[in-house]
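Peer 1: Handing you a structure now.
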Amino acid sequence: MRVNRFKAALALAAASALLLSACAESDRGGDDDAGANPDATFIFGAEGEHTAMDPMYTSDSISSRLNGQMIETLVTYTPGTVDIEGGLAESWEPDESGTVWTFQLRGGVTFHDGTPFNAEAVCFNFDRWHNQPPGINQSPDMSYYWQQFSGGFAENEEGRDDLGEPNYVSCEATDELTAVITLRNPTSKMVGLLVRQQFGMQSPTALEQYNADEIGGTPAAPEFSEYATAHPTGTGPFMFESWDQAAGEVVMVRNEDYWGGPATISRLIFRAIPDENARRQALLSGEIHAYDQPAPPDWATLEAEGMRLEVRDALNLLYIAFTQDHNVALEDIRVRQAIAHALDRQAMVDAVMAEGAEVATQFMPPILPGWNSAVPTYEYDPERAATLLAEAGYEPGELEVDFWYPTDVTRPYMPDPQSIFELFQANLEDAGITVNAISEPWTPPYLSNVQNGEADLHFLGWTADYAHANNFLATWFLRPLPQWGFDNQSIFDGLAEADAEPDEAAQTAMYEQLNAEIMEYLPGVPISHTPVAMAFAPNVSGVPVSPLLDEVFNTAQIDE
């Protein structure tokens, strides 16, 4: 049985959040169900091993989902939606400048080791992130999201041009349950990024006792602290019990004192199963209760076997990028427009993508505020493409482009790169463009080469880190990047101004205008947004799937 999730409207990071009601608070625990076993163990088949159980040092979705069972953030999303609501903070409010944020915290919460959760604990965590020492701790591999949030540290590593003056200034505990965070400049990322697991609140006692900041090795092969491997300590509905590295299993147990009420299951196991076919077989055989992102061709098979699919709203994008300074022809807007008109994106979506996928009209999904229904759309029109090429001075077959695509990979937004490429290659050649196919393994060569500007055209995509226009548009168009090879100061400045705009309605209007400007300039072609599913055993219910892939399993129910 397939369950399609309705589209959730985004609740922006408002000047103040609604206080959670007692009913909402109790909903964080499970509802009683006559057929559910409260002593059950839920086993989730993860796509691979987690990086670390200290969210500060992770950026991958596997680690984020694992850590999110144990460690909570100040703000969060209403389960199954992209609506922002209070987590460990009940409300938050910026001052008129947008640089001083006051967080009113939830009372009566303790960390798993008994340490009180209060404003001092919040400030301890923020100051810890800010004071990460130079060296491996400051590498993008270790502290990517803090660098996205603040841009630098109290003491930046020498020679790092990518680290600047930090936007974080201070955190002050003005009373037991009030934390005041001061920034140097206002930013639209403030609340959106704080939802990320990397900003989870951890016990100051445990962080100090188990030397959380002591990391050895290299960024590519880090050696984490005792805290990150054996003592993660948060406030969440599950507590760490053990990690069997040989078996690839992390075991967590129910937190009976959880502020939102005890979980509906007693134990939670994350089992690493890197092979997608093996995960499917493990679900069908009853070895696991759920796994994420089944391949779209497997959806029908899973359903035929009685498995249940929950389909998320699409919060992602597949796109083709033009690297203008790698092929001078791409500097001509008529050539870029011709390529866009030559691509039959709807036919590709119908042939390759999962049910519910849709053609993209701009570089962000329509679920987010700032999306603009009036942007230029470049409908499939091969005759118009040929005319534009002729106007640009190219005879049929004269324009030649190197078109790159990756191998040995599937992504939520790109389930079959070769099939997508072959369809678009035929489209371009039909319009009179000569296509040189170049394929490379996803990592390291493909990602490195296309991001360093070695391709004329290439596929890439994005799944949201947080539900905000900035997380899409500013990722690509805030500054000149080798991947795109263009310089448009109007777009760059516009995105910086939108990020600093404290008024939400004004900011949304700015992003709408920027979407129109970007599509008028046409730095690439947005292709599609694709829904992603999670597969469950037929006796499992109660887990709202998240567009941001950050489900917490404390409401899971297993009928026996």
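In the structure tokens, chains take the letters A, B, ... in the order shown, each chain's residues start at 1, and ligands count up from 1 in the order shown.
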Would you pick out the contacts of Glu400 of chain A at 10 Å or less, using only C-alpha atoms, so that residues sharing its chain but fewer than 6 positions from it are not included, and give the list as a PyMOL selection string?
Peer 2: chain A and resi 327+329+394+429+432-436+456
Peer 1: Limited to C-alpha atoms, could you put the picked residues into a file as a short mmCIF file (atom, residue, chain, number, x, y, z; two decimals), in the first residue's frame?
Peer 2:
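The resulting file, result.cif, is reproduced below:
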data_model
loop_
_atom_site.label_atom_id
_atom_site.label_comp_id
_atom_site.auth_asym_id
_atom_site.auth_seq_id
_atom_site.Cartn_x
_atom_site.Cartn_y
_atom_site.Cartn_z
CA ASN A 327 32.91 26.77 -23.40
CA ALA A 329 29.52 29.39 -26.77
CA TYR A 394 25.62 28.05 -35.61
CA GLU A 429 21.22 16.23 -31.24
CA GLY A 432 21.41 20.37 -34.11
CA ILE A 433 23.88 20.22 -31.21
CA THR A 434 26.79 17.79 -31.27
CA VAL A 435 27.12 16.09 -27.89
CA ASN A 436 30.33 14.53 -26.62
CA ASP A 456 30.54 22.25 -20.43
#
Peer 1: Could you give me the residues within segment 201-409 of chain A that DSSP places in alpha helix (DSSP H), as a PDB file with C-alpha atoms, in the first residue's frame?
Peer 2:
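Wrote out.pdb, looks like this:
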ATOM      1  CA  PRO A 204      28.091  19.696  28.884  1.00  0.00           C
ATOM      2  CA  THR A 205      29.041  17.148  31.551  1.00  0.00           C
ATOM      3  CA  ALA A 206      29.449  14.299  29.072  1.00  0.00           C
ATOM      4  CA  LEU A 207      31.170  16.459  26.447  1.00  0.00           C
ATOM      5  CA  GLU A 208      33.844  17.436  28.964  1.00  0.00           C
ATOM      6  CA  GLN A 209      34.122  14.058  30.686  1.00  0.00           C
ATOM      7  CA  GLU A 226      35.303   8.460  23.336  1.00  0.00           C
ATOM      8  CA  TYR A 227      32.267  10.718  23.504  1.00  0.00           C
ATOM      9  CA  ALA A 228      31.475  10.395  19.790  1.00  0.00           C
ATOM     10  CA  THR A 229      31.927   6.624  19.744  1.00  0.00           C
ATOM     11  CA  ALA A 230      30.491   5.457  23.064  1.00  0.00           C
ATOM     12  CA  GLU A 276      20.193  -1.425  -1.657  1.00  0.00           C
ATOM     13  CA  ASN A 277      19.210  -4.893  -2.911  1.00  0.00           C
ATOM     14  CA  ALA A 278      20.267  -6.351   0.429  1.00  0.00           C
ATOM     15  CA  ARG A 279      18.126  -3.803   2.274  1.00  0.00           C
ATOM     16  CA  ARG A 280      15.133  -4.755   0.158  1.00  0.00           C
ATOM     17  CA  GLN A 281      15.652  -8.452   0.841  1.00  0.00           C
ATOM     18  CA  ALA A 282      16.113  -7.775   4.555  1.00  0.00           C
ATOM     19  CA  LEU A 283      12.730  -6.028   4.649  1.00  0.00           C
ATOM     20  CA  LEU A 284      10.996  -8.757   2.647  1.00  0.00           C
ATOM     21  CA  TRP A 299       8.245   0.243  -5.537  1.00  0.00           C
ATOM     22  CA  ALA A 300       5.799  -2.027  -7.332  1.00  0.00           C
ATOM     23  CA  THR A 301       7.640  -5.169  -6.197  1.00  0.00           C
ATOM     24  CA  LEU A 302       7.605  -4.069  -2.583  1.00  0.00           C
ATOM     25  CA  GLU A 303       3.918  -3.233  -2.716  1.00  0.00           C
ATOM     26  CA  ALA A 304       3.109  -6.539  -4.391  1.00  0.00           C
ATOM     27  CA  ILE A 333      22.158  33.656 -23.857  1.00  0.00           C
ATOM     28  CA  ARG A 334      20.663  32.403 -27.116  1.00  0.00           C
ATOM     29  CA  VAL A 335      22.713  29.219 -26.866  1.00  0.00           C
ATOM     30  CA  ARG A 336      21.650  28.675 -23.260  1.00  0.00           C
ATOM     31  CA  GLN A 337      18.022  29.255 -24.199  1.00  0.00           C
ATOM     32  CA  ALA A 338      18.348  26.877 -27.171  1.00  0.00           C
ATOM     33  CA  ILE A 339      19.597  24.086 -24.925  1.00  0.00           C
ATOM     34  CA  ALA A 340      16.740  24.681 -22.494  1.00  0.00           C
ATOM     35  CA  HIS A 341      14.124  24.580 -25.272  1.00  0.00           C
ATOM     36  CA  ALA A 342      15.705  21.434 -26.746  1.00  0.00           C
ATOM     37  CA  ARG A 345      11.967  17.337 -19.535  1.00  0.00           C
ATOM     38  CA  GLN A 346       8.412  16.053 -19.201  1.00  0.00           C
ATOM     39  CA  ALA A 347       9.182  13.000 -21.349  1.00  0.00           C
ATOM     40  CA  MET A 348      12.232  12.275 -19.180  1.00  0.00           C
ATOM     41  CA  VAL A 349      10.220  12.612 -15.971  1.00  0.00           C
ATOM     42  CA  ASP A 350       7.549  10.259 -17.338  1.00  0.00           C
ATOM     43  CA  ALA A 351      10.131   7.693 -18.464  1.00  0.00           C
ATOM     44  CA  VAL A 352      12.644   7.659 -15.605  1.00  0.00           C
ATOM     45  CA  PRO A 382      13.039  21.923 -30.751  1.00  0.00           C
ATOM     46  CA  GLU A 383      12.158  24.276 -33.605  1.00  0.00           C
ATOM     47  CA  ARG A 384      12.642  27.290 -31.362  1.00  0.00           C
ATOM     48  CA  ALA A 385      15.948  25.781 -30.201  1.00  0.00           C
ATOM     49  CA  ALA A 386      17.149  25.445 -33.808  1.00  0.00           C
ATOM     50  CA  THR A 387      16.115  29.021 -34.571  1.00  0.00           C
ATOM     51  CA  LEU A 388      18.018  30.370 -31.562  1.00  0.00           C
ATOM     52  CA  LEU A 389      21.133  28.458 -32.575  1.00  0.00           C
ATOM     53  CA  ALA A 390      20.894  29.881 -36.089  1.00  0.00           C
ATOM     54  CA  GLU A 391      20.525  33.385 -34.654  1.00  0.00           C
TER      55      GLU A 391
END
Peer 1: Leaving out segment 443-447 of chain A and any residue of its chain fewer than 4 positions from it, which residues lie within 12 Å of it when counting only C-alpha atoms, given as a compact mmCIF listing (two decimals) with N, CA and C atoms, in the first residue's frame?
Peer 2:
# COMPACT_ATOMS: atom_id res chain seq x y z
N PHE A 403 29.17 16.90 -22.54
CA PHE A 403 28.07 16.71 -21.58
C PHE A 403 28.46 15.56 -20.65
N TRP A 404 28.64 15.90 -19.37
CA TRP A 404 29.12 14.94 -18.38
C TRP A 404 27.95 14.37 -17.58
N TYR A 405 28.07 13.08 -17.24
CA TYR A 405 27.11 12.46 -16.33
C TYR A 405 27.84 11.43 -15.47
N PRO A 406 27.34 11.16 -14.26
CA PRO A 406 28.04 10.25 -13.35
C PRO A 406 27.63 8.80 -13.54
N THR A 407 28.52 7.91 -13.15
CA THR A 407 28.23 6.48 -13.12
C THR A 407 28.36 5.96 -11.69
N ASP A 408 27.92 4.75 -11.48
CA ASP A 408 28.06 4.08 -10.18
C ASP A 408 27.39 4.85 -9.04
N VAL A 409 26.24 5.45 -9.33
CA VAL A 409 25.57 6.20 -8.29
C VAL A 409 24.08 6.32 -8.62
N THR A 410 23.27 6.35 -7.59
CA THR A 410 21.89 6.83 -7.70
C THR A 410 21.70 7.84 -6.59
N ILE A 438 30.66 12.29 -21.78
CA ILE A 438 31.77 12.03 -20.86
C ILE A 438 31.17 11.53 -19.54
N SER A 439 31.57 10.33 -19.13
CA SER A 439 31.06 9.77 -17.87
C SER A 439 32.21 9.41 -16.97
N GLN A 451 32.64 20.25 -10.23
CA GLN A 451 32.61 21.38 -9.30
C GLN A 451 33.80 22.31 -9.51
N ASN A 452 34.84 21.80 -10.13
CA ASN A 452 36.00 22.63 -10.45
C ASN A 452 35.94 23.20 -11.86
N GLY A 453 34.80 23.03 -12.54
CA GLY A 453 34.59 23.70 -13.81
C GLY A 453 35.16 23.02 -15.02
N GLU A 454 35.30 21.70 -14.99
CA GLU A 454 35.92 20.97 -16.10
C GLU A 454 34.93 20.53 -17.18
N ALA A 455 33.63 20.74 -16.97
CA ALA A 455 32.62 20.28 -17.91
C ALA A 455 31.96 21.48 -18.61
N HIS A 458 26.70 19.53 -17.26
CA HIS A 458 26.74 18.37 -16.37
C HIS A 458 25.50 18.30 -15.50
N PHE A 459 25.21 17.10 -15.03
CA PHE A 459 24.13 16.89 -14.06
C PHE A 459 24.65 17.06 -12.64
N LEU A 460 23.87 17.72 -11.81
CA LEU A 460 24.03 17.64 -10.36
C LEU A 460 22.64 17.89 -9.76
N GLY A 461 22.57 17.80 -8.46
CA GLY A 461 21.30 18.02 -7.80
C GLY A 461 21.49 18.39 -6.35
N GLN A 483 32.03 25.83 -10.84
CA GLN A 483 31.04 24.92 -11.41
C GLN A 483 30.18 25.62 -12.47
Peer 1: So, counting only C-alpha atoms, which residue among A:Pro369, A:Thr51, A:Gln489, A:Leu317 is closest to Ala220 of chain A?
Peer 2: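 Once distances to Ala220 of chain A are computed over only C-alpha atoms, the minimum belongs to A:Thr51.
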Peer 1: Each residue of segment 99-135 of chain A lying at most 9 Å from segment 243-259 of chain A should get a row with its shortest atom-to-atom pair and the distance in Å to one decimal, counting only C-alpha atoms; could you produce that, ordered by chain and increasing number, as JSON lines?
Peer 2:
{"residue": "A:Gly108", "atom": "CA", "partner": "A:Trp259", "partner_atom": "CA", "distance": 7.5}
{"residue": "A:Val109", "atom": "CA", "partner": "A:Trp259", "partner_atom": "CA", "distance": 6.1}
{"residue": "A:Thr110", "atom": "CA", "partner": "A:Trp259", "partner_atom": "CA", "distance": 8.3}
{"residue": "A:His112", "atom": "CA", "partner": "A:Asn255", "partner_atom": "CA", "distance": 7.8}
Peer 1: With only C-alpha atoms as the counted atoms, please give the residues lying no more than 9 Å from Thr187 of chain A, apart from itself and same-chain residues fewer than 6 positions off, as a PyMOL selection string.
Peer 2: chain A and resi 98-99+149+498-502
